[in-house]
Amino acid sequence: MKKKTTIYDIAKALNITVSTVSRALSGFPAISDATRTAVLETAQKLNYSPNKLASALKSGKTHIIGVIVPSVQAHFFASIIHCIEDGLKDSGYRVIIYQSNESVENEINGVKTLLEAQVDGIMASMSLETENVDHFAEIIKQNKPLILFDRVHEDLKVPTITLDDFKAGYMATQHLIDQGYEKIAFITTIHQIKIFNDRLKGYKAALKDNGLPLIDEHLIFGGLSIKDGRFGAGKLMRSKNKPDAIIAGDDFTALGVIKKLKEIDETPPEVGVIGFANEAFSAYITPNLSTIDQHAPQIGKECAKMFLKMVKKENPFQEMEHIVLDPSIIERQSTTKES
């Protein structure tokens, strides 16, 4: 088996000290440009690969970041992860992804696994089941950067990147009202997650501001999935006070709503449907889906920038940023009535 090149081999080839090679490879400022260039060229010629484990043990940094998300199948979270990776690559950081699959038990195991892997920090969007946040508090105890995005918890005093979800709920409702819908239902999660509670508050405020009644029968609390959308739409359309529009908690739930409405010949926009997240499929289903864009790429970019600031501080939580992005609406066929 071919012997792996070490910094000793580079030093021997250039007739310089091992410490000079080490400093040149790590970007030490006192090394001349000529020496640095010679070392880098020789390292490349000899196929030198740095021993990351030894470097991590010496510096206390692994240059690995953990990212916990409910699911990578959702384009929303996949897009955030992509932009986090892109934003950190020039700084030499790599990303380990852990899916909770909406399970708090999986999330707890994810935090434990990532901390055991000695990651330099963790970014997370919480599962629907998460209420107790002691497992996240352990990250703070270890003085490692923790950033929450999209789904956050008010008990955790950490930096956050979120959407103005009250505004998002209000915007979705107001759009339907502006399109002429008057009996607007809302299918959302039973779990007490801040973003979904805020969207519901926005929905209620928009109804009130437009003089429309809040009908308890039009609120469906359950899960967020295609299956839940089908179930919720079926229940709503069987009720005596049928809605003429439905807001779904996310685009997957909205897809289930549309499928059910088509089965009972109430195809949108006859009954208006709007979702959240602007998933990749939403522009290609029939009818294509109106949705609230949560600006996933920007969330990912902000996460990366925030981490790079935090990791340089002795106390990463000394000055905490809370970035709130504005939602925007993408109007498509599912809410556009023919004039």
# chains A, B, ... in the order shown; residues from 1 in each chain; ligands from 1
>>> residues_around(residues="Thr162 of chain A", least_positions_apart="5", cutoff="8 Å", atoms="only C-alpha atoms", output="CSV table (one decimal) with N, CA and C atoms, in the first residue's frame")
chain,number,residue,atom,x,y,z
A,149,PHE,N,-34.0,28.0,13.3
A,149,PHE,CA,-34.6,28.6,12.1
A,149,PHE,C,-36.0,28.0,11.8
A,150,ASP,N,-36.8,28.9,11.2
A,150,ASP,CA,-38.2,28.5,10.9
A,150,ASP,C,-39.0,28.2,12.1
A,151,ARG,N,-38.8,27.0,12.7
A,151,ARG,CA,-39.6,26.6,13.9
A,151,ARG,C,-38.7,26.8,15.1
A,152,VAL,N,-39.1,27.7,16.0
A,152,VAL,CA,-38.3,28.1,17.1
A,152,VAL,C,-39.1,27.9,18.4
A,299,ILE,N,-33.1,32.1,4.2
A,299,ILE,CA,-33.0,31.5,5.6
A,299,ILE,C,-31.7,30.8,5.7
A,322,HIS,N,-32.0,38.3,16.0
A,322,HIS,CA,-33.3,37.6,15.6
A,322,HIS,C,-33.7,38.2,14.3
A,323,ILE,N,-33.5,37.5,13.3
A,323,ILE,CA,-33.8,37.9,11.9
A,323,ILE,C,-35.2,37.4,11.5
A,324,VAL,N,-36.0,38.4,11.1
A,324,VAL,CA,-37.4,38.1,10.7
A,324,VAL,C,-37.6,38.5,9.3
A,325,LEU,N,-37.9,37.5,8.4
A,325,LEU,CA,-38.1,37.8,7.0
A,325,LEU,C,-39.5,38.0,6.7
>>> residues_around(residues="Gly169 of chain A", least_positions_apart="5", cutoff="7 Å", atoms="only C-alpha atoms", output="compact mmCIF listing (two decimals) with all heavy atoms, in the first residue's frame")
# COMPACT_ATOMS: atom_id res chain seq x y z
N ARG A 199 -49.51 31.87 12.44
CA ARG A 199 -50.28 31.90 11.19
C ARG A 199 -51.78 31.88 11.48
O ARG A 199 -52.56 32.56 10.82
CB ARG A 199 -49.90 30.70 10.32
CG ARG A 199 -48.52 30.78 9.74
CD ARG A 199 -48.17 29.51 8.99
NE ARG A 199 -46.74 29.50 8.65
CZ ARG A 199 -46.12 28.46 8.11
NH1 ARG A 199 -46.80 27.35 7.85
NH2 ARG A 199 -44.84 28.51 7.83
N LEU A 200 -52.16 31.09 12.48
CA LEU A 200 -53.57 31.02 12.85
C LEU A 200 -54.05 32.36 13.39
O LEU A 200 -55.17 32.81 13.08
CB LEU A 200 -53.77 29.92 13.89
CG LEU A 200 -55.21 29.61 14.31
CD1 LEU A 200 -56.05 29.18 13.11
CD2 LEU A 200 -55.23 28.52 15.38
N GLY A 202 -52.86 35.26 12.53
CA GLY A 202 -52.96 36.13 11.37
C GLY A 202 -54.25 35.91 10.60
O GLY A 202 -54.89 36.86 10.14
N TYR A 203 -54.63 34.64 10.48
CA TYR A 203 -55.90 34.27 9.82
C TYR A 203 -57.09 34.89 10.55
O TYR A 203 -57.97 35.52 9.94
CB TYR A 203 -55.99 32.75 9.79
CG TYR A 203 -57.36 32.14 9.66
CD1 TYR A 203 -58.02 32.08 8.43
CD2 TYR A 203 -57.99 31.57 10.78
CE1 TYR A 203 -59.28 31.48 8.32
CE2 TYR A 203 -59.22 30.96 10.68
CZ TYR A 203 -59.87 30.93 9.44
OH TYR A 203 -61.11 30.33 9.34
>>> residues_around(residues="Asp86 of chain A", least_positions_apart="4", cutoff="12 Å", atoms="only C-alpha atoms", output="PDB file with N, CA, C and O atoms, in the first residue's frame")
ATOM      1  N   SER A  79     -33.660  23.118   0.461  1.00  0.00           N
ATOM      2  CA  SER A  79     -33.126  24.376  -0.058  1.00  0.00           C
ATOM      3  C   SER A  79     -32.345  25.127   1.018  1.00  0.00           C
ATOM      4  O   SER A  79     -31.284  25.709   0.748  1.00  0.00           O
ATOM      5  N   ILE A  80     -32.857  25.118   2.244  1.00  0.00           N
ATOM      6  CA  ILE A  80     -32.147  25.756   3.360  1.00  0.00           C
ATOM      7  C   ILE A  80     -30.792  25.087   3.576  1.00  0.00           C
ATOM      8  O   ILE A  80     -29.764  25.757   3.706  1.00  0.00           O
ATOM      9  N   ILE A  81     -30.778  23.750   3.597  1.00  0.00           N
ATOM     10  CA  ILE A  81     -29.530  23.007   3.811  1.00  0.00           C
ATOM     11  C   ILE A  81     -28.521  23.331   2.710  1.00  0.00           C
ATOM     12  O   ILE A  81     -27.334  23.559   2.974  1.00  0.00           O
ATOM     13  N   HIS A  82     -28.990  23.348   1.468  1.00  0.00           N
ATOM     14  CA  HIS A  82     -28.103  23.659   0.339  1.00  0.00           C
ATOM     15  C   HIS A  82     -27.433  25.018   0.528  1.00  0.00           C
ATOM     16  O   HIS A  82     -26.222  25.169   0.299  1.00  0.00           O
ATOM     17  N   ASP A  90     -16.601  27.994   1.826  1.00  0.00           N
ATOM     18  CA  ASP A  90     -15.365  28.773   1.679  1.00  0.00           C
ATOM     19  C   ASP A  90     -14.626  28.942   2.996  1.00  0.00           C
ATOM     20  O   ASP A  90     -13.432  29.277   3.011  1.00  0.00           O
ATOM     21  N   SER A  91     -15.321  28.712   4.100  1.00  0.00           N
ATOM     22  CA  SER A  91     -14.688  28.797   5.427  1.00  0.00           C
ATOM     23  C   SER A  91     -14.223  27.427   5.918  1.00  0.00           C
ATOM     24  O   SER A  91     -13.758  27.297   7.055  1.00  0.00           O
ATOM     25  N   GLY A  92     -14.370  26.421   5.062  1.00  0.00           N
ATOM     26  CA  GLY A  92     -13.857  25.093   5.385  1.00  0.00           C
ATOM     27  C   GLY A  92     -14.769  24.226   6.229  1.00  0.00           C
ATOM     28  O   GLY A  92     -14.336  23.189   6.742  1.00  0.00           O
ATOM     29  N   TYR A  93     -16.031  24.610   6.378  1.00  0.00           N
ATOM     30  CA  TYR A  93     -16.955  23.826   7.189  1.00  0.00           C
ATOM     31  C   TYR A  93     -17.739  22.830   6.345  1.00  0.00           C
ATOM     32  O   TYR A  93     -18.134  23.126   5.217  1.00  0.00           O
ATOM     33  N   ARG A  94     -17.957  21.662   6.927  1.00  0.00           N
ATOM     34  CA  ARG A  94     -18.808  20.645   6.313  1.00  0.00           C
ATOM     35  C   ARG A  94     -20.060  20.454   7.168  1.00  0.00           C
ATOM     36  O   ARG A  94     -20.073  20.814   8.344  1.00  0.00           O
ATOM     37  N   VAL A  95     -21.077  19.866   6.576  1.00  0.00           N
ATOM     38  CA  VAL A  95     -22.381  19.766   7.244  1.00  0.00           C
ATOM     39  C   VAL A  95     -22.790  18.301   7.410  1.00  0.00           C
ATOM     40  O   VAL A  95     -22.686  17.504   6.476  1.00  0.00           O
ATOM     41  N   PRO A 297     -34.071  29.923   0.588  1.00  0.00           N
ATOM     42  CA  PRO A 297     -32.655  30.236   0.322  1.00  0.00           C
ATOM     43  C   PRO A 297     -32.108  31.329   1.229  1.00  0.00           C
ATOM     44  O   PRO A 297     -30.972  31.237   1.708  1.00  0.00           O
ATOM     45  N   GLN A 298     -32.910  32.353   1.483  1.00  0.00           N
ATOM     46  CA  GLN A 298     -32.442  33.446   2.338  1.00  0.00           C
ATOM     47  C   GLN A 298     -32.253  32.973   3.775  1.00  0.00           C
ATOM     48  O   GLN A 298     -31.316  33.383   4.461  1.00  0.00           O
ATOM     49  N   GLY A 300     -31.340  29.970   4.695  1.00  0.00           N
ATOM     50  CA  GLY A 300     -30.080  29.231   4.706  1.00  0.00           C
ATOM     51  C   GLY A 300     -28.870  30.141   4.699  1.00  0.00           C
ATOM     52  O   GLY A 300     -27.902  29.920   5.443  1.00  0.00           O
ATOM     53  N   LYS A 301     -28.906  31.179   3.875  1.00  0.00           N
ATOM     54  CA  LYS A 301     -27.784  32.132   3.800  1.00  0.00           C
ATOM     55  C   LYS A 301     -27.592  32.854   5.129  1.00  0.00           C
ATOM     56  O   LYS A 301     -26.463  33.053   5.589  1.00  0.00           O
ATOM     57  N   GLU A 302     -28.704  33.262   5.749  1.00  0.00           N
ATOM     58  CA  GLU A 302     -28.615  33.967   7.029  1.00  0.00           C
ATOM     59  C   GLU A 302     -28.080  33.051   8.131  1.00  0.00           C
ATOM     60  O   GLU A 302     -27.335  33.493   9.018  1.00  0.00           O
ATOM     61  N   CYS A 303     -28.455  31.767   8.092  1.00  0.00           N
ATOM     62  CA  CYS A 303     -27.937  30.801   9.069  1.00  0.00           C
ATOM     63  C   CYS A 303     -26.416  30.707   8.977  1.00  0.00           C
ATOM     64  O   CYS A 303     -25.707  30.722   9.995  1.00  0.00           O
ATOM     65  N   ALA A 304     -25.911  30.593   7.748  1.00  0.00           N
ATOM     66  CA  ALA A 304     -24.470  30.470   7.546  1.00  0.00           C
ATOM     67  C   ALA A 304     -23.737  31.723   8.028  1.00  0.00           C
ATOM     68  O   ALA A 304     -22.729  31.636   8.744  1.00  0.00           O
ATOM     69  N   LYS A 305     -24.250  32.882   7.668  1.00  0.00           N
ATOM     70  CA  LYS A 305     -23.611  34.142   8.081  1.00  0.00           C
ATOM     71  C   LYS A 305     -23.626  34.290   9.599  1.00  0.00           C
ATOM     72  O   LYS A 305     -22.642  34.712  10.209  1.00  0.00           O
TER      73      LYS A 305
END
>>> closest_residue(among="A:Ile187, A:Ala168, A:Pro269, A:Tyr284", to="Leu236 of chain A", atoms="only C-alpha atoms")
A:Ile187
>>> residues_around(residues="Gln44 of chain A", least_positions_apart="6", cutoff="12 Å", atoms="only C-alpha atoms", output="list in words")
Thr5, Thr6, Ile7, Ile10, Leu25, Thr37, Ala38 and Pro50 of chain A
>>> write_last_selection(atoms="all heavy atoms", output="PDB file, in the first residue's frame")
ATOM      1  N   THR A   5       1.520  10.729   2.202  1.00  0.00           N
ATOM      2  CA  THR A   5       2.423  11.873   2.331  1.00  0.00           C
ATOM      3  C   THR A   5       2.133  12.630   3.628  1.00  0.00           C
ATOM      4  O   THR A   5       0.977  12.858   3.987  1.00  0.00           O
ATOM      5  CB  THR A   5       2.255  12.821   1.137  1.00  0.00           C
ATOM      6  OG1 THR A   5       2.560  12.118  -0.061  1.00  0.00           O
ATOM      7  CG2 THR A   5       3.189  14.015   1.254  1.00  0.00           C
ATOM      8  N   THR A   6       3.210  13.027   4.315  1.00  0.00           N
ATOM      9  CA  THR A   6       3.069  13.804   5.553  1.00  0.00           C
ATOM     10  C   THR A   6       3.796  15.145   5.396  1.00  0.00           C
ATOM     11  O   THR A   6       4.511  15.372   4.402  1.00  0.00           O
ATOM     12  CB  THR A   6       3.680  13.051   6.750  1.00  0.00           C
ATOM     13  OG1 THR A   6       5.105  12.997   6.590  1.00  0.00           O
ATOM     14  CG2 THR A   6       3.118  11.636   6.848  1.00  0.00           C
ATOM     15  N   ILE A   7       3.636  15.994   6.399  1.00  0.00           N
ATOM     16  CA  ILE A   7       4.332  17.291   6.341  1.00  0.00           C
ATOM     17  C   ILE A   7       5.841  17.102   6.437  1.00  0.00           C
ATOM     18  O   ILE A   7       6.614  17.956   5.996  1.00  0.00           O
ATOM     19  CB  ILE A   7       3.829  18.260   7.436  1.00  0.00           C
ATOM     20  CG1 ILE A   7       4.040  17.700   8.838  1.00  0.00           C
ATOM     21  CG2 ILE A   7       2.373  18.625   7.191  1.00  0.00           C
ATOM     22  CD1 ILE A   7       3.692  18.689   9.944  1.00  0.00           C
ATOM     23  N   ILE A  10       7.093  16.878   2.884  1.00  0.00           N
ATOM     24  CA  ILE A  10       7.133  18.199   2.253  1.00  0.00           C
ATOM     25  C   ILE A  10       8.354  18.974   2.735  1.00  0.00           C
ATOM     26  O   ILE A  10       9.080  19.609   1.950  1.00  0.00           O
ATOM     27  CB  ILE A  10       5.840  18.989   2.546  1.00  0.00           C
ATOM     28  CG1 ILE A  10       4.607  18.241   2.001  1.00  0.00           C
ATOM     29  CG2 ILE A  10       5.912  20.390   1.941  1.00  0.00           C
ATOM     30  CD1 ILE A  10       3.285  18.839   2.434  1.00  0.00           C
ATOM     31  N   LEU A  25       0.921  25.848   5.722  1.00  0.00           N
ATOM     32  CA  LEU A  25      -0.346  25.184   5.380  1.00  0.00           C
ATOM     33  C   LEU A  25      -1.524  25.759   6.154  1.00  0.00           C
ATOM     34  O   LEU A  25      -2.658  25.741   5.678  1.00  0.00           O
ATOM     35  CB  LEU A  25      -0.231  23.677   5.664  1.00  0.00           C
ATOM     36  CG  LEU A  25       0.673  22.885   4.710  1.00  0.00           C
ATOM     37  CD1 LEU A  25       0.859  21.460   5.220  1.00  0.00           C
ATOM     38  CD2 LEU A  25       0.103  22.863   3.297  1.00  0.00           C
ATOM     39  N   THR A  37       3.851  29.602  -1.154  1.00  0.00           N
ATOM     40  CA  THR A  37       3.577  29.095  -2.503  1.00  0.00           C
ATOM     41  C   THR A  37       4.333  27.797  -2.763  1.00  0.00           C
ATOM     42  O   THR A  37       3.783  26.835  -3.298  1.00  0.00           O
ATOM     43  CB  THR A  37       3.971  30.150  -3.565  1.00  0.00           C
ATOM     44  OG1 THR A  37       3.206  31.329  -3.350  1.00  0.00           O
ATOM     45  CG2 THR A  37       3.730  29.626  -4.973  1.00  0.00           C
ATOM     46  N   ALA A  38       5.603  27.750  -2.357  1.00  0.00           N
ATOM     47  CA  ALA A  38       6.425  26.547  -2.554  1.00  0.00           C
ATOM     48  C   ALA A  38       5.849  25.359  -1.793  1.00  0.00           C
ATOM     49  O   ALA A  38       5.783  24.235  -2.309  1.00  0.00           O
ATOM     50  CB  ALA A  38       7.859  26.822  -2.101  1.00  0.00           C
ATOM     51  N   PRO A  50      -4.308  16.695   4.450  1.00  0.00           N
ATOM     52  CA  PRO A  50      -4.111  16.970   5.876  1.00  0.00           C
ATOM     53  C   PRO A  50      -4.855  15.982   6.770  1.00  0.00           C
ATOM     54  O   PRO A  50      -5.924  15.480   6.410  1.00  0.00           O
ATOM     55  CB  PRO A  50      -4.684  18.383   6.047  1.00  0.00           C
ATOM     56  CG  PRO A  50      -5.615  18.569   4.905  1.00  0.00           C
ATOM     57  CD  PRO A  50      -5.045  17.775   3.765  1.00  0.00           C
TER      58      PRO A  50
END
>>> residues_around(residues="segment 286-289 of chain A", least_positions_apart="2", cutoff="9 Å", atoms="only C-alpha atoms", output="JSON, numbers by chain")
{"A": [251, 254, 255, 258, 267, 268, 269, 273, 274, 275, 278, 281, 282, 283, 284, 291, 330, 331, 332, 333, 334, 335]}
>>> write_last_selection(atoms="N, CA and C atoms", output="short mmCIF file (atom, residue, chain, number, x, y, z; two decimals), in the first residue's frame")
data_model
loop_
_atom_site.label_atom_id
_atom_site.label_comp_id
_atom_site.auth_asym_id
_atom_site.auth_seq_id
_atom_site.Cartn_x
_atom_site.Cartn_y
_atom_site.Cartn_z
N ASP A 251 -47.75 23.14 2.00
CA ASP A 251 -48.10 22.77 0.62
C ASP A 251 -48.45 21.30 0.48
N ALA A 254 -51.94 21.09 1.46
CA ALA A 254 -52.73 21.70 0.38
C ALA A 254 -52.89 20.75 -0.79
N LEU A 255 -51.85 19.97 -1.08
CA LEU A 255 -51.95 18.99 -2.17
C LEU A 255 -53.01 17.96 -1.85
N ILE A 258 -56.45 19.56 -2.44
CA ILE A 258 -56.80 19.62 -3.87
C ILE A 258 -57.21 18.25 -4.39
N THR A 267 -63.31 21.22 -7.83
CA THR A 267 -61.93 21.55 -8.23
C THR A 267 -61.63 23.04 -8.07
N PRO A 268 -60.51 23.36 -7.40
CA PRO A 268 -60.09 24.76 -7.31
C PRO A 268 -59.92 25.37 -8.72
N PRO A 269 -60.25 26.65 -8.87
CA PRO A 269 -60.54 27.66 -7.83
C PRO A 269 -62.01 27.75 -7.43
N VAL A 273 -57.79 27.31 -2.71
CA VAL A 273 -56.82 26.60 -1.85
C VAL A 273 -55.48 27.33 -1.90
N ILE A 274 -54.91 27.55 -0.72
CA ILE A 274 -53.58 28.16 -0.64
C ILE A 274 -52.77 27.44 0.43
N GLY A 275 -51.46 27.30 0.20
CA GLY A 275 -50.58 26.64 1.15
C GLY A 275 -49.46 27.54 1.60
N ASN A 278 -44.06 27.16 -0.74
CA ASN A 278 -43.67 27.16 -2.15
C ASN A 278 -42.79 25.95 -2.48
N PHE A 281 -43.17 21.16 -6.14
CA PHE A 281 -44.29 20.61 -6.91
C PHE A 281 -45.44 21.58 -7.08
N SER A 282 -45.50 22.63 -6.25
CA SER A 282 -46.70 23.48 -6.22
C SER A 282 -46.96 24.19 -7.54
N ALA A 283 -45.91 24.42 -8.33
CA ALA A 283 -46.09 25.10 -9.62
C ALA A 283 -46.49 24.13 -10.72
N TYR A 284 -46.46 22.82 -10.46
CA TYR A 284 -46.63 21.84 -11.54
C TYR A 284 -47.87 20.95 -11.39
N THR A 291 -49.44 29.90 -3.01
CA THR A 291 -48.71 29.57 -1.79
C THR A 291 -48.00 30.80 -1.24
N ILE A 330 -47.37 33.94 -3.76
CA ILE A 330 -47.28 33.52 -5.16
C ILE A 330 -48.68 33.10 -5.59
N GLU A 331 -49.29 33.89 -6.43
CA GLU A 331 -50.67 33.64 -6.87
C GLU A 331 -50.68 32.71 -8.07
N ARG A 332 -51.44 31.62 -7.93
CA ARG A 332 -51.55 30.66 -9.05
C ARG A 332 -53.02 30.28 -9.24
N GLN A 333 -53.26 29.25 -10.00
CA GLN A 333 -54.62 28.91 -10.44
C GLN A 333 -55.55 28.53 -9.31
N SER A 334 -55.03 27.96 -8.22
CA SER A 334 -55.90 27.41 -7.18
C SER A 334 -56.70 28.47 -6.43
N THR A 335 -56.35 29.76 -6.62
CA THR A 335 -57.13 30.83 -5.97
C THR A 335 -57.55 31.91 -6.96
#
>>> residues_around(residues="segment 210-213 of chain A", least_positions_apart="6", cutoff="10 Å", atoms="only C-alpha atoms", output="count of residues only")
6
>>> atom_distance(atom1="atom CA of Ile226 of chain A", atom2="atom CA of Glu279 of chain A")
13.0 Å
>>> residues_around(residues="Glu107 of chain A", least_positions_apart="5", cutoff="9 Å", atoms="only C-alpha atoms", output="JSON, numbers by chain")
{"A": [68, 69, 70, 98, 99, 100, 101, 102, 112, 126, 127, 130, 135]}
>>> atom_distance(atom1="atom CA of Leu261 of chain A", atom2="atom CA of Thr188 of chain A")
17.3 Å
>>> atom_distance(atom1="atom CA of Phe136 of chain A", atom2="atom CA of Ile193 of chain A")
15.8 Å
>>> select_by_dssp(residues="segment 45-293 of chain A", states="helix (DSSP H, G or I)", output="PyMOL selection string")
chain A and resi 45+52-59+75-91+104-116+134-141+165-178+194-209+216-218+226-238+251-263+280-283
>>> closest_residue(among="A:Ala185, A:Leu214, A:Ala280, A:Ile329", to="Ile292 of chain A", atoms="only C-alpha atoms")
A:Ile329
